[in-house]
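Enquirer: Input file: start.tsv. Contents: TSV, C-alpha atoms and all ligand atoms.
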```tsv
chain	number	residue	atom	x	y	z
A	147	MET	CA	27.55	5.29	-26.44
A	148	SER	CA	29.63	8.48	-26.95
A	149	GLU	CA	31.27	10.09	-23.94
A	150	SER	CA	28.89	13.06	-23.96
A	151	ILE	CA	25.83	10.76	-24.10
A	152	ALA	CA	27.34	8.66	-21.28
A	153	LYS	CA	27.70	11.84	-19.24
A	154	LEU	CA	24.07	12.74	-19.97
A	155	ALA	CA	23.00	9.23	-18.96
A	156	ASP	CA	24.79	9.69	-15.61
A	157	GLN	CA	23.21	13.13	-15.18
A	158	ALA	CA	19.73	11.72	-15.94
A	159	ALA	CA	20.31	8.87	-13.46
A	160	ARG	CA	21.25	11.36	-10.74
A	161	MET	CA	18.17	13.46	-11.54
A	162	ARG	CA	15.92	10.38	-11.29
A	163	GLN	CA	17.48	9.40	-7.97
A	164	GLU	CA	16.87	12.93	-6.66
A	165	LEU	CA	13.27	13.02	-7.93
A	166	ASN	CA	12.49	9.56	-6.50
A	167	LYS	CA	14.00	10.67	-3.16
A	168	TYR	CA	11.77	13.77	-3.12
A	169	ALA	CA	8.72	11.60	-3.99
A	170	TYR	CA	9.58	9.18	-1.16
A	171	GLU	CA	9.84	12.05	1.33
A	172	TYR	CA	6.56	13.57	0.11
A	173	TYR	CA	4.32	10.51	-0.43
A	174	VAL	CA	5.80	7.95	1.96
A	175	LYS	CA	7.42	9.88	4.86
A	176	ASP	CA	4.87	12.70	4.55
A	177	ASN	CA	7.84	15.00	5.18
A	178	PRO	CA	8.88	16.91	2.00
A	179	THR	CA	12.33	18.57	2.22
A	180	VAL	CA	11.96	20.74	-0.90
A	181	GLU	CA	9.29	23.05	-2.31
A	182	ASP	CA	7.10	21.69	-5.14
A	183	TYR	CA	8.87	24.15	-7.46
A	184	VAL	CA	12.22	22.36	-6.95
A	185	TYR	CA	10.65	19.00	-7.83
A	186	ASP	CA	8.73	20.40	-10.82
A	187	LYS	CA	11.83	22.17	-12.26
A	188	LEU	CA	14.03	19.06	-11.95
A	189	TYR	CA	11.23	16.92	-13.45
A	190	HIS	CA	10.92	19.39	-16.34
A	191	ASP	CA	14.68	19.25	-16.98
A	192	LEU	CA	14.63	15.42	-16.95
A	193	VAL	CA	11.74	15.37	-19.45
A	194	ALA	CA	13.78	17.66	-21.73
A	195	ILE	CA	16.78	15.28	-21.67
A	196	GLU	CA	14.59	12.19	-22.21
A	197	GLU	CA	12.67	13.81	-25.06
A	198	LYS	CA	15.93	14.70	-26.78
A	199	TYR	CA	17.55	11.31	-26.04
A	200	PRO	CA	14.71	8.72	-25.69
A	201	GLU	CA	17.34	5.96	-25.54
A	202	LEU	CA	18.24	7.25	-22.06
A	203	ILE	CA	14.71	6.62	-20.65
A	204	THR	CA	14.59	3.95	-17.88
A	205	SER	CA	11.57	2.15	-16.40
A	206	ASP	CA	12.06	3.77	-12.97
A	207	SER	CA	12.02	7.29	-14.36
A	208	PRO	CA	9.20	9.31	-12.75
A	209	THR	CA	8.39	10.50	-16.29
A	210	GLN	CA	7.24	6.93	-17.07
A	211	ARG	CA	4.49	6.81	-14.43
A	212	VAL	CA	1.78	7.81	-16.88
A	213	GLY	CA	3.25	6.27	-19.98
A	214	GLY	CA	0.94	3.28	-20.48
A	215	GLN	CA	-1.15	2.89	-23.61
A	216	VAL	CA	-4.94	2.43	-23.41
A	217	LEU	CA	-5.49	-1.30	-22.81
A	218	GLN	CA	-8.12	-3.50	-24.49
A	219	GLY	CA	-8.51	-5.44	-21.26
A	220	PHE	CA	-6.55	-6.76	-18.26
A	221	GLU	CA	-4.42	-9.93	-18.43
A	222	LYS	CA	-5.08	-12.53	-15.77
A	223	VAL	CA	-2.41	-13.03	-13.11
A	224	VAL	CA	-2.15	-16.31	-11.19
A	225	HIS	CA	-0.78	-15.50	-7.70
A	226	ASP	CA	2.17	-17.81	-6.82
A	227	VAL	CA	1.09	-17.42	-3.19
A	228	PRO	CA	-2.68	-16.88	-2.83
A	229	LEU	CA	-3.92	-13.73	-1.13
A	230	TYR	CA	-5.72	-15.04	1.94
A	231	SER	CA	-8.86	-13.67	3.58
A	232	LEU	CA	-9.18	-12.85	7.27
A	233	ASN	CA	-11.47	-14.35	9.87
A	234	ASP	CA	-13.88	-11.59	10.85
A	235	VAL	CA	-14.85	-10.97	14.48
A	236	PHE	CA	-17.50	-8.51	15.68
A	237	THR	CA	-17.38	-8.50	19.49
A	238	LYS	CA	-14.89	-8.27	22.35
A	239	GLU	CA	-15.94	-11.78	23.37
A	240	GLU	CA	-14.84	-13.12	19.98
A	241	ILE	CA	-11.49	-11.35	20.40
A	242	VAL	CA	-11.08	-12.97	23.83
A	243	ALA	CA	-11.83	-16.37	22.28
A	244	PHE	CA	-9.25	-15.70	19.51
A	245	ILE	CA	-6.55	-14.66	22.00
A	246	ASN	CA	-7.30	-17.62	24.31
A	247	ARG	CA	-7.07	-20.10	21.42
A	248	VAL	CA	-3.75	-18.61	20.31
A	249	LYS	CA	-2.31	-18.64	23.84
A	250	LYS	CA	-3.56	-22.20	24.38
A	251	GLU	CA	-1.48	-23.31	21.40
A	252	LEU	CA	1.56	-21.04	21.82
A	253	GLY	CA	1.68	-20.45	25.55
A	254	GLU	CA	1.48	-17.08	27.31
A	255	ASN	CA	4.55	-15.55	25.64
A	256	VAL	CA	2.71	-14.06	22.62
A	257	THR	CA	2.67	-10.46	21.40
A	258	PHE	CA	0.09	-9.14	18.96
A	259	VAL	CA	0.30	-6.29	16.48
A	260	CYS	CA	-2.79	-4.21	15.71
A	261	GLU	CA	-3.12	-2.47	12.36
A	262	LEU	CA	-5.93	-0.42	10.83
A	263	LYS	CA	-8.08	-2.29	8.30
A	264	ILE	CA	-7.99	0.02	5.27
A	265	ASP	CA	-11.20	0.15	3.21
A	266	GLY	CA	-9.67	-0.05	-0.25
A	267	LEU	CA	-8.65	-2.65	-2.79
A	268	SER	CA	-6.12	-5.39	-2.05
A	269	ILE	CA	-3.15	-5.26	-4.41
A	270	THR	CA	0.05	-7.22	-4.82
A	271	LEU	CA	3.27	-5.61	-6.12
A	272	ARG	CA	6.24	-7.52	-7.52
A	273	TYR	CA	9.78	-6.12	-7.61
A	274	GLU	CA	12.85	-7.64	-9.29
A	275	ASP	CA	16.28	-6.30	-8.28
A	276	GLY	CA	14.47	-3.34	-6.75
A	277	LEU	CA	12.47	-2.43	-9.86
A	278	PHE	CA	8.64	-2.47	-9.92
A	279	VAL	CA	7.76	-5.10	-12.54
A	280	ARG	CA	4.13	-6.06	-11.93
A	281	GLY	CA	1.05	-5.02	-9.99
A	282	ALA	CA	-2.19	-6.98	-9.73
A	283	THR	CA	-5.57	-7.02	-8.02
A	284	ARG	CA	-6.45	-9.67	-5.47
A	285	GLY	CA	-9.22	-11.06	-7.67
A	286	ASP	CA	-10.52	-14.23	-5.99
A	287	GLY	CA	-7.26	-14.60	-4.08
A	288	THR	CA	-5.79	-17.05	-6.61
A	289	VAL	CA	-6.34	-15.23	-9.93
A	290	GLY	CA	-6.28	-11.44	-10.22
A	291	GLU	CA	-5.88	-8.84	-12.98
A	292	ASN	CA	-2.63	-7.28	-14.19
A	293	ILE	CA	-3.05	-3.54	-13.52
A	294	THR	CA	0.65	-2.62	-13.59
A	295	GLU	CA	0.23	0.40	-15.86
A	296	ASN	CA	-2.49	1.83	-13.61
A	297	LEU	CA	-0.54	1.20	-10.39
A	298	LYS	CA	2.54	2.92	-11.90
A	299	THR	CA	0.50	6.16	-11.80
A	300	VAL	CA	0.05	5.89	-7.99
A	301	ARG	CA	2.71	8.26	-6.63
A	302	SER	CA	3.25	6.42	-3.32
A	303	ILE	CA	4.18	3.19	-5.15
A	304	PRO	CA	7.99	3.30	-5.62
A	305	LEU	CA	9.20	2.49	-9.15
A	306	ARG	CA	12.57	1.56	-7.63
A	307	LEU	CA	13.19	0.40	-4.04
A	308	GLN	CA	15.96	1.80	-1.83
A	309	GLU	CA	17.59	-1.66	-2.07
A	310	PRO	CA	17.82	-4.04	-5.10
A	311	LEU	CA	15.34	-6.50	-3.57
A	312	THR	CA	13.39	-9.19	-5.39
A	313	ILE	CA	10.19	-9.37	-3.39
A	314	GLU	CA	6.41	-9.38	-3.63
A	315	VAL	CA	4.48	-7.14	-1.23
A	316	ARG	CA	0.78	-6.78	-0.51
A	317	GLY	CA	-1.36	-3.99	0.71
A	318	GLU	CA	-4.31	-1.78	0.03
A	319	CYS	CA	-4.84	0.84	-2.66
A	320	PHE	CA	-7.36	3.46	-1.53
A	321	MET	CA	-8.74	6.89	-2.38
A	322	PRO	CA	-8.27	9.50	0.38
A	323	LYS	CA	-11.57	10.98	1.58
A	324	LYS	CA	-10.72	14.47	0.27
A	325	SER	CA	-9.96	13.12	-3.23
A	326	PHE	CA	-13.25	11.20	-3.13
A	327	VAL	CA	-15.28	14.35	-2.33
A	328	THR	CA	-13.51	16.39	-5.04
A	329	LEU	CA	-13.94	13.61	-7.63
A	330	ASN	CA	-17.66	13.29	-6.94
A	331	GLU	CA	-18.13	17.07	-7.08
A	332	LYS	CA	-16.47	17.12	-10.52
A	333	ARG	CA	-18.50	14.12	-11.74
A	334	ASP	CA	-21.73	15.63	-10.45
A	335	GLU	CA	-20.99	18.93	-12.21
A	336	ALA	CA	-20.28	16.99	-15.41
A	337	GLY	CA	-23.56	15.10	-15.07
A	338	GLN	CA	-21.71	11.82	-14.48
A	339	ALA	CA	-22.78	9.17	-11.95
A	340	ILE	CA	-21.04	9.72	-8.60
A	341	PHE	CA	-19.27	6.95	-6.64
A	342	ALA	CA	-21.04	5.61	-3.53
A	343	ASN	CA	-17.90	5.52	-1.40
A	344	PRO	CA	-14.08	5.86	-1.63
A	345	ARG	CA	-13.64	2.12	-1.99
A	346	ASN	CA	-15.81	1.97	-5.10
A	347	ALA	CA	-14.06	5.06	-6.45
A	348	ALA	CA	-10.65	3.40	-5.95
A	349	ALA	CA	-11.88	0.18	-7.60
A	350	GLY	CA	-13.31	2.13	-10.55
A	351	SER	CA	-10.07	4.11	-10.88
A	352	LEU	CA	-7.87	0.99	-10.89
A	353	ARG	CA	-10.11	-0.71	-13.46
A	354	GLN	CA	-9.67	2.11	-15.97
A	355	LEU	CA	-8.31	0.82	-19.29
A	356	ASP	CA	-6.63	4.23	-19.79
A	357	PRO	CA	-3.84	4.85	-17.20
A	358	LYS	CA	-4.11	8.58	-17.90
A	359	VAL	CA	-7.51	8.53	-16.19
A	360	THR	CA	-6.17	6.54	-13.22
A	361	ALA	CA	-3.37	9.12	-12.90
A	362	THR	CA	-5.92	11.87	-12.20
A	363	ARG	CA	-7.56	10.03	-9.28
A	364	ASN	CA	-5.02	10.72	-6.46
A	365	LEU	CA	-4.92	7.11	-5.31
A	366	ASP	CA	-2.69	6.13	-2.39
A	367	THR	CA	-1.46	2.87	-0.81
A	368	PHE	CA	-0.60	1.27	2.51
A	369	LEU	CA	1.54	-1.87	2.25
A	370	TYR	CA	1.40	-4.38	5.09
A	371	THR	CA	2.74	-7.76	4.08
A	372	VAL	CA	5.67	-9.33	2.27
A	373	VAL	CA	5.06	-12.68	0.60
A	374	ASP	CA	8.55	-13.94	1.44
A	375	PHE	CA	10.12	-12.17	4.40
A	376	GLY	CA	13.49	-13.73	3.59
A	377	PRO	CA	14.99	-10.81	1.64
A	378	LEU	CA	13.99	-8.37	4.38
A	379	HIS	CA	15.69	-10.37	7.19
A	380	VAL	CA	12.91	-9.69	9.69
A	381	ALA	CA	11.51	-11.99	12.39
A	382	ASN	CA	8.16	-10.35	13.10
A	383	GLN	CA	5.37	-8.25	11.61
A	384	PHE	CA	6.16	-5.03	13.50
A	385	THR	CA	9.77	-5.00	12.26
A	386	ALA	CA	8.63	-6.02	8.78
A	387	LEU	CA	6.41	-2.92	8.62
A	388	ASN	CA	9.38	-0.72	9.63
A	389	GLN	CA	11.51	-2.38	6.94
A	390	LEU	CA	8.78	-2.00	4.30
A	391	GLU	CA	8.83	1.73	4.97
A	392	ASN	CA	12.65	1.86	4.97
A	393	VAL	CA	12.86	0.28	1.50
A	394	GLY	CA	10.34	2.73	0.04
A	395	PHE	CA	6.73	1.72	0.73
A	396	HIS	CA	3.94	3.77	2.27
A	397	VAL	CA	3.12	2.02	5.55
A	398	ASN	CA	0.37	3.07	7.94
A	399	HIS	CA	1.83	4.58	11.12
A	400	GLU	CA	-1.02	3.64	13.47
A	401	ARG	CA	0.39	0.14	14.10
A	402	ARG	CA	0.74	-0.89	17.74
A	403	LEU	CA	2.18	-3.85	19.68
A	404	CYS	CA	-0.35	-5.27	22.17
A	405	LYS	CA	0.25	-7.86	24.88
A	406	ASN	CA	-3.33	-8.75	25.78
A	407	VAL	CA	-7.03	-8.23	25.12
A	408	GLU	CA	-7.16	-5.04	27.19
A	409	GLU	CA	-4.49	-3.35	25.08
A	410	ILE	CA	-6.11	-4.62	21.86
A	411	TRP	CA	-9.52	-3.35	22.96
A	412	GLU	CA	-7.98	0.03	23.92
A	413	TYR	CA	-6.59	0.33	20.36
A	414	ILE	CA	-9.95	-0.64	18.87
A	415	GLU	CA	-11.87	1.89	20.97
A	416	GLU	CA	-9.33	4.62	20.15
A	417	PHE	CA	-9.75	4.14	16.41
A	418	GLN	CA	-13.50	3.64	16.56
A	419	GLU	CA	-13.39	7.15	18.07
A	420	ARG	CA	-10.85	8.59	15.62
A	421	ARG	CA	-12.26	6.84	12.51
A	422	THR	CA	-14.17	9.85	11.16
A	423	THR	CA	-11.14	12.13	11.58
A	424	LEU	CA	-8.74	9.93	9.56
A	425	PRO	CA	-8.03	11.12	5.98
A	426	TYR	CA	-8.82	7.60	4.69
A	427	GLU	CA	-11.61	5.11	5.33
A	428	ILE	CA	-11.12	2.14	7.62
A	429	ASP	CA	-13.59	-0.64	8.35
A	430	GLY	CA	-11.90	-2.28	11.30
A	431	VAL	CA	-8.72	-3.44	12.96
A	432	VAL	CA	-6.50	-6.36	11.99
A	433	ILE	CA	-5.03	-8.26	14.95
A	434	LYS	CA	-2.00	-10.46	14.17
A	435	VAL	CA	0.39	-12.63	16.14
A	436	ASN	CA	3.61	-10.63	15.78
A	437	ASP	CA	6.32	-13.34	15.68
A	438	PHE	CA	6.67	-15.08	12.31
A	439	HIS	CA	7.73	-18.44	13.79
A	440	GLN	CA	4.58	-18.38	15.95
A	441	GLN	CA	2.53	-17.50	12.85
A	442	GLU	CA	4.02	-20.53	11.09
A	443	GLU	CA	3.21	-22.70	14.10
A	444	LEU	CA	-0.47	-21.70	13.89
A	445	GLY	CA	-0.65	-21.86	10.09
A	446	PHE	CA	-3.80	-21.46	8.00
A	447	THR	CA	-7.29	-22.89	7.63
A	448	VAL	CA	-8.48	-23.46	4.05
A	449	LYS	CA	-8.88	-19.73	3.42
A	450	ALA	CA	-7.56	-17.72	6.33
A	451	PRO	CA	-4.57	-17.46	8.70
A	452	ARG	CA	-5.15	-18.87	12.21
A	453	TRP	CA	-2.81	-16.19	13.59
A	454	ALA	CA	-4.95	-13.19	12.61
A	455	ALA	CA	-8.46	-11.81	13.04
A	456	ALA	CA	-10.21	-8.78	11.57
A	457	TYR	CA	-12.39	-6.90	14.05
A	458	LYS	CA	-15.06	-5.13	12.00
A	459	PHE	CA	-16.45	-1.76	13.10
A	460	PRO	CA	-20.21	-1.31	12.92
A	461	PRO	CA	-20.99	0.60	9.64
A	462	GLU	CA	-20.67	4.41	9.85
A	463	GLU	CA	-23.84	6.40	9.15
A	464	ALA	CA	-24.51	6.65	5.36
A	465	GLN	CA	-22.21	8.86	3.26
A	466	THR	CA	-23.53	12.45	3.52
B	1	LIG	N1	-7.47	-9.71	3.58
B	1	LIG	C1	-6.37	-9.47	4.28
B	1	LIG	O1	-5.56	-10.31	4.55
B	1	LIG	C2	-6.13	-8.07	4.78
B	1	LIG	C3	-6.85	-6.95	4.47
B	1	LIG	C4	-6.34	-5.79	5.08
B	1	LIG	C5	-6.81	-4.45	4.96
B	1	LIG	N2	-7.90	-4.16	4.21
B	1	LIG	N3	-6.18	-3.45	5.61
B	1	LIG	C6	-5.09	-3.68	6.39
B	1	LIG	C7	-4.60	-4.97	6.54
B	1	LIG	C8	-3.41	-5.19	7.40
B	1	LIG	N4	-2.82	-4.13	7.96
B	1	LIG	O2	-3.00	-6.33	7.55
B	1	LIG	C9	-5.24	-6.02	5.88
B	1	LIG	S1	-4.82	-7.71	5.83
```
As C-alpha cells, what does this structure read like?

Expert:
Amino acid sequence: MSESIAKLADQAARMRQELNKYAYEYYVKDNPTVEDYVYDKLYHDLVAIEEKYPELITSDSPTQRVGGQVLQGFEKVVHDVPLYSLNDVFTKEEIVAFINRVKKELGENVTFVCELKIDGLSITLRYEDGLFVRGATRGDGTVGENITENLKTVRSIPLRLQEPLTIEVRGECFMPKKSFVTLNEKRDEAGQAIFANPRNAAAGSLRQLDPKVTATRNLDTFLYTVVDFGPLHVANQFTALNQLENVGFHVNHERRLCKNVEEIWEYIEEFQERRTTLPYEIDGVVIKVNDFHQQEELGFTVKAPRWAAAYKFPPEEAQT
C-alpha cells in the first residue's frame, strides 16, 4: 500500500471511530454530543473516500450497515448455548412462592434484579475480537435463523465494541411505538395490510429478505444477557448490564436491585402504571437472582432457569 493510501486508510479509520462514537452516544447513551449535520457531513466524507478506494472499506464502517444483498432465504443457526425460556408467574402469591423457594435453597442472603420484559423478538449477537460477526433469531431456542445482514441495519447494534471482546450477547429487538404508528399509517395509505402490534412489525421487519427494507423500519434493541460472562469479568447481573452498556450495547435503564417481595412488587406496580407512557412495549417484569454463583447453584429445569421468573402483566386494552 503506497504511503498516501496508508494515510487515507488511517484517516478513514479515524472517521469511522468518530462516527461510531457519535452513534453510540445517540442510540445507546441517548445523549448526542454533536448535531446531526456533523454526523451526516463526516459520513458523507467517509463514503467519498470508500467509493474512491473500495479496498479501504472495513466491516465495521457505518457505511456497511445497509450493504447486504437480497437473500433467497435465511440460513439455519444452531445455538451453541440454547436460548432458554422463562417460567411465567401471574400473581403476587406466585412471586412469593418463587422467592421463598430461592431463599430456602440459598439462604436469606439473596438479592434480586428486576428488569422490564420487552415485547419484541429475542436475538443473539456474536462478536469476535470486538467485531459483529453474526446475528440470529431465537427460533425454537436451539435452532434459529441467520439474520446478520438485517441486524446490521439496526443502528443501536454496534458493529465494533469498545473493547476487542469475543462474546455472544442476547437481548430483544423491538419496534418503538412511534415507529409502529408511522409505519402502519404509511402502509394503510399505500393500501398494504397493517401490523397488529409492534412485536409483529419487528418480526416482519427482521424477516425481510431485503436488508434495505429492514433499514427503513427504525428497529431498536435492549441487550440483557451474555452467554459467557468470563470476558466481561462480572460477578452478577446488575454489573453485567452496566458492562454491556460500557462496551457498546443498548441496555434498558429501568433495572433495579430488590431485596424482597415488597420491593419487587413495588417495581411491578410502578411499571404497570408507567407501561402506557414508555416509548416501547413491555409485557411484564423479569425477576432474576443477581449473583451468578447463586444462579449456578440453582441451575435450570429442562427449559427454564430456576433463578428467574417472568411476571406477566394482564393484556393492555386492544391497540387503538
Ligand atoms: N426468554 C427470556 O429468557 C427473556 C426474555 C426477555 C424479554 N423479552 N425482555 C427482557 C428480558 C430480560 N431483561 O431478561 C428477557 S429474558

Enquirer: Could you pull the residues within 7 Å of range 286-290 of chain A, counting only C-alpha atoms, minus those fewer than 2 positions along the same chain, as a PyMOL selection string?

Expert: chain A and resi 222-225+228-230+282-284+292

Enquirer: Closest to Trp411 in chain A among A:Glu240, A:Glu427, A:Asp275, A:Glu251, using all atoms listed in the file?

Expert: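 Nearest candidate to Trp411 in chain A out of A:Glu240, A:Glu427, A:Asp275, A:Glu251: A:Glu240.
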
Enquirer: Would you mind reading off the distance between CA of Ala347 in chain A and atom N4 of ligand LIG 1 (chain B), one decimal, in Å?

Expert: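 Those two atoms sit 20.5 Å apart.
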
Enquirer: Counting all atoms listed in the file, which residue out of A:Pro344, A:Gly317, A:Pro460, A:Pro357 sits closest to ligand LIG 1 (chain B)?

Expert: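 Of the candidates, the smallest distance to ligand LIG 1 (chain B) is held by A:Gly317.
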
Enquirer: Distance limit 7 Å, reference ligand LIG 1 (chain B), atoms considered: all atoms listed in the file. Which residues make the cut? Give them as a PyMOL selection string.

Expert: chain A and resi 229-232+261-266+268+317-318+370-371+432

Enquirer: If we count all atoms listed in the file and set the cut-off at 6 Å, which residues sit around range 404-410 of chain A, ignoring sequence neighbours fewer than 4 positions away in its own chain? Please answer as a list in words.

Expert: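 Close residues of range 404-410 of chain A: Thr257, Phe258 and Val259 of chain A.
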
Enquirer: How about saving the chosen residues, C-alpha atoms kept, as an mmCIF file, keeping the file's coordinate frame?

Expert:
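Writing done, so here's out.cif:
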```
data_model
loop_
_atom_site.group_PDB
_atom_site.id
_atom_site.type_symbol
_atom_site.label_atom_id
_atom_site.label_comp_id
_atom_site.auth_asym_id
_atom_site.auth_seq_id
_atom_site.Cartn_x
_atom_site.Cartn_y
_atom_site.Cartn_z
ATOM 1 C CA THR A 257 2.670 -10.460 21.400
ATOM 2 C CA PHE A 258 0.090 -9.140 18.960
ATOM 3 C CA VAL A 259 0.300 -6.290 16.480
#
```

Enquirer: Please, can range 304-313 of chain A be completed to all heavy atoms and returned as a PDB file, keeping the file's coordinate frame?

Expert:
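Written output follows (selection-v9.pdb):
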```pdb
ATOM      1  N   PRO A 304       6.643   3.021  -5.099  1.00  0.00           N
ATOM      2  CA  PRO A 304       7.990   3.300  -5.620  1.00  0.00           C
ATOM      3  C   PRO A 304       8.247   2.523  -6.919  1.00  0.00           C
ATOM      4  O   PRO A 304       7.906   1.345  -7.012  1.00  0.00           O
ATOM      5  CB  PRO A 304       8.915   2.812  -4.502  1.00  0.00           C
ATOM      6  CG  PRO A 304       8.111   1.846  -3.703  1.00  0.00           C
ATOM      7  CD  PRO A 304       6.691   2.255  -3.838  1.00  0.00           C
ATOM      8  N   LEU A 305       8.845   3.188  -7.896  1.00  0.00           N
ATOM      9  CA  LEU A 305       9.200   2.490  -9.150  1.00  0.00           C
ATOM     10  C   LEU A 305      10.527   1.760  -8.964  1.00  0.00           C
ATOM     11  O   LEU A 305      10.849   0.826  -9.679  1.00  0.00           O
ATOM     12  CB  LEU A 305       9.294   3.492 -10.307  1.00  0.00           C
ATOM     13  CG  LEU A 305       7.974   4.214 -10.634  1.00  0.00           C
ATOM     14  CD1 LEU A 305       8.173   5.197 -11.791  1.00  0.00           C
ATOM     15  CD2 LEU A 305       6.869   3.221 -10.973  1.00  0.00           C
ATOM     16  N   ARG A 306      11.309   2.248  -7.968  1.00  0.00           N
ATOM     17  CA  ARG A 306      12.570   1.560  -7.630  1.00  0.00           C
ATOM     18  C   ARG A 306      12.711   1.613  -6.118  1.00  0.00           C
ATOM     19  O   ARG A 306      12.534   2.661  -5.505  1.00  0.00           O
ATOM     20  CB  ARG A 306      13.771   2.229  -8.288  1.00  0.00           C
ATOM     21  CG  ARG A 306      15.089   1.553  -7.890  1.00  0.00           C
ATOM     22  CD  ARG A 306      16.289   2.393  -8.312  1.00  0.00           C
ATOM     23  NE  ARG A 306      16.535   2.337  -9.752  1.00  0.00           N
ATOM     24  CZ  ARG A 306      17.239   1.358 -10.346  1.00  0.00           C
ATOM     25  NH1 ARG A 306      17.742   0.382  -9.618  1.00  0.00           N
ATOM     26  NH2 ARG A 306      17.427   1.360 -11.648  1.00  0.00           N
ATOM     27  N   LEU A 307      13.029   0.469  -5.497  1.00  0.00           N
ATOM     28  CA  LEU A 307      13.190   0.400  -4.040  1.00  0.00           C
ATOM     29  C   LEU A 307      14.553   0.968  -3.641  1.00  0.00           C
ATOM     30  O   LEU A 307      15.457   1.089  -4.461  1.00  0.00           O
ATOM     31  CB  LEU A 307      13.066  -1.053  -3.575  1.00  0.00           C
ATOM     32  CG  LEU A 307      11.724  -1.722  -3.873  1.00  0.00           C
ATOM     33  CD1 LEU A 307      11.753  -3.170  -3.398  1.00  0.00           C
ATOM     34  CD2 LEU A 307      10.580  -0.951  -3.237  1.00  0.00           C
ATOM     35  N   GLN A 308      14.680   1.263  -2.339  1.00  0.00           N
ATOM     36  CA  GLN A 308      15.960   1.800  -1.830  1.00  0.00           C
ATOM     37  C   GLN A 308      17.043   0.717  -1.817  1.00  0.00           C
ATOM     38  O   GLN A 308      18.200   1.008  -1.595  1.00  0.00           O
ATOM     39  CB  GLN A 308      15.754   2.319  -0.405  1.00  0.00           C
ATOM     40  CG  GLN A 308      14.536   3.194  -0.230  1.00  0.00           C
ATOM     41  CD  GLN A 308      14.794   4.678  -0.513  1.00  0.00           C
ATOM     42  OE1 GLN A 308      15.943   5.118  -0.520  1.00  0.00           O
ATOM     43  NE2 GLN A 308      13.745   5.424  -0.769  1.00  0.00           N
ATOM     44  N   GLU A 309      16.614  -0.557  -1.982  1.00  0.00           N
ATOM     45  CA  GLU A 309      17.590  -1.660  -2.070  1.00  0.00           C
ATOM     46  C   GLU A 309      17.193  -2.548  -3.251  1.00  0.00           C
ATOM     47  O   GLU A 309      15.998  -2.645  -3.564  1.00  0.00           O
ATOM     48  CB  GLU A 309      17.543  -2.504  -0.772  1.00  0.00           C
ATOM     49  CG  GLU A 309      18.107  -1.799   0.462  1.00  0.00           C
ATOM     50  CD  GLU A 309      17.831  -2.618   1.729  1.00  0.00           C
ATOM     51  OE1 GLU A 309      17.875  -3.866   1.630  1.00  0.00           O
ATOM     52  OE2 GLU A 309      17.524  -2.007   2.760  1.00  0.00           O
ATOM     53  N   PRO A 310      18.143  -3.224  -3.905  1.00  0.00           N
ATOM     54  CA  PRO A 310      17.820  -4.040  -5.100  1.00  0.00           C
ATOM     55  C   PRO A 310      17.160  -5.362  -4.723  1.00  0.00           C
ATOM     56  O   PRO A 310      17.653  -6.440  -5.029  1.00  0.00           O
ATOM     57  CB  PRO A 310      19.196  -4.247  -5.742  1.00  0.00           C
ATOM     58  CG  PRO A 310      20.156  -4.189  -4.607  1.00  0.00           C
ATOM     59  CD  PRO A 310      19.593  -3.226  -3.596  1.00  0.00           C
ATOM     60  N   LEU A 311      16.008  -5.289  -4.077  1.00  0.00           N
ATOM     61  CA  LEU A 311      15.340  -6.500  -3.570  1.00  0.00           C
ATOM     62  C   LEU A 311      14.458  -7.130  -4.633  1.00  0.00           C
ATOM     63  O   LEU A 311      13.846  -6.420  -5.438  1.00  0.00           O
ATOM     64  CB  LEU A 311      14.471  -6.134  -2.367  1.00  0.00           C
ATOM     65  CG  LEU A 311      15.199  -5.592  -1.127  1.00  0.00           C
ATOM     66  CD1 LEU A 311      14.175  -5.055  -0.128  1.00  0.00           C
ATOM     67  CD2 LEU A 311      16.074  -6.665  -0.494  1.00  0.00           C
ATOM     68  N   THR A 312      14.375  -8.468  -4.577  1.00  0.00           N
ATOM     69  CA  THR A 312      13.390  -9.190  -5.390  1.00  0.00           C
ATOM     70  C   THR A 312      12.344  -9.718  -4.419  1.00  0.00           C
ATOM     71  O   THR A 312      12.619 -10.657  -3.659  1.00  0.00           O
ATOM     72  CB  THR A 312      14.053 -10.333  -6.187  1.00  0.00           C
ATOM     73  OG1 THR A 312      14.978  -9.738  -7.110  1.00  0.00           O
ATOM     74  CG2 THR A 312      13.020 -11.154  -6.948  1.00  0.00           C
ATOM     75  N   ILE A 313      11.224  -9.005  -4.363  1.00  0.00           N
ATOM     76  CA  ILE A 313      10.190  -9.370  -3.390  1.00  0.00           C
ATOM     77  C   ILE A 313       8.798  -9.108  -3.970  1.00  0.00           C
ATOM     78  O   ILE A 313       8.645  -8.399  -4.961  1.00  0.00           O
ATOM     79  CB  ILE A 313      10.274  -8.533  -2.073  1.00  0.00           C
ATOM     80  CG1 ILE A 313      10.387  -7.023  -2.362  1.00  0.00           C
ATOM     81  CG2 ILE A 313      11.357  -8.988  -1.156  1.00  0.00           C
ATOM     82  CD1 ILE A 313      10.193  -6.169  -1.119  1.00  0.00           C
TER      83      ILE A 313
END
```
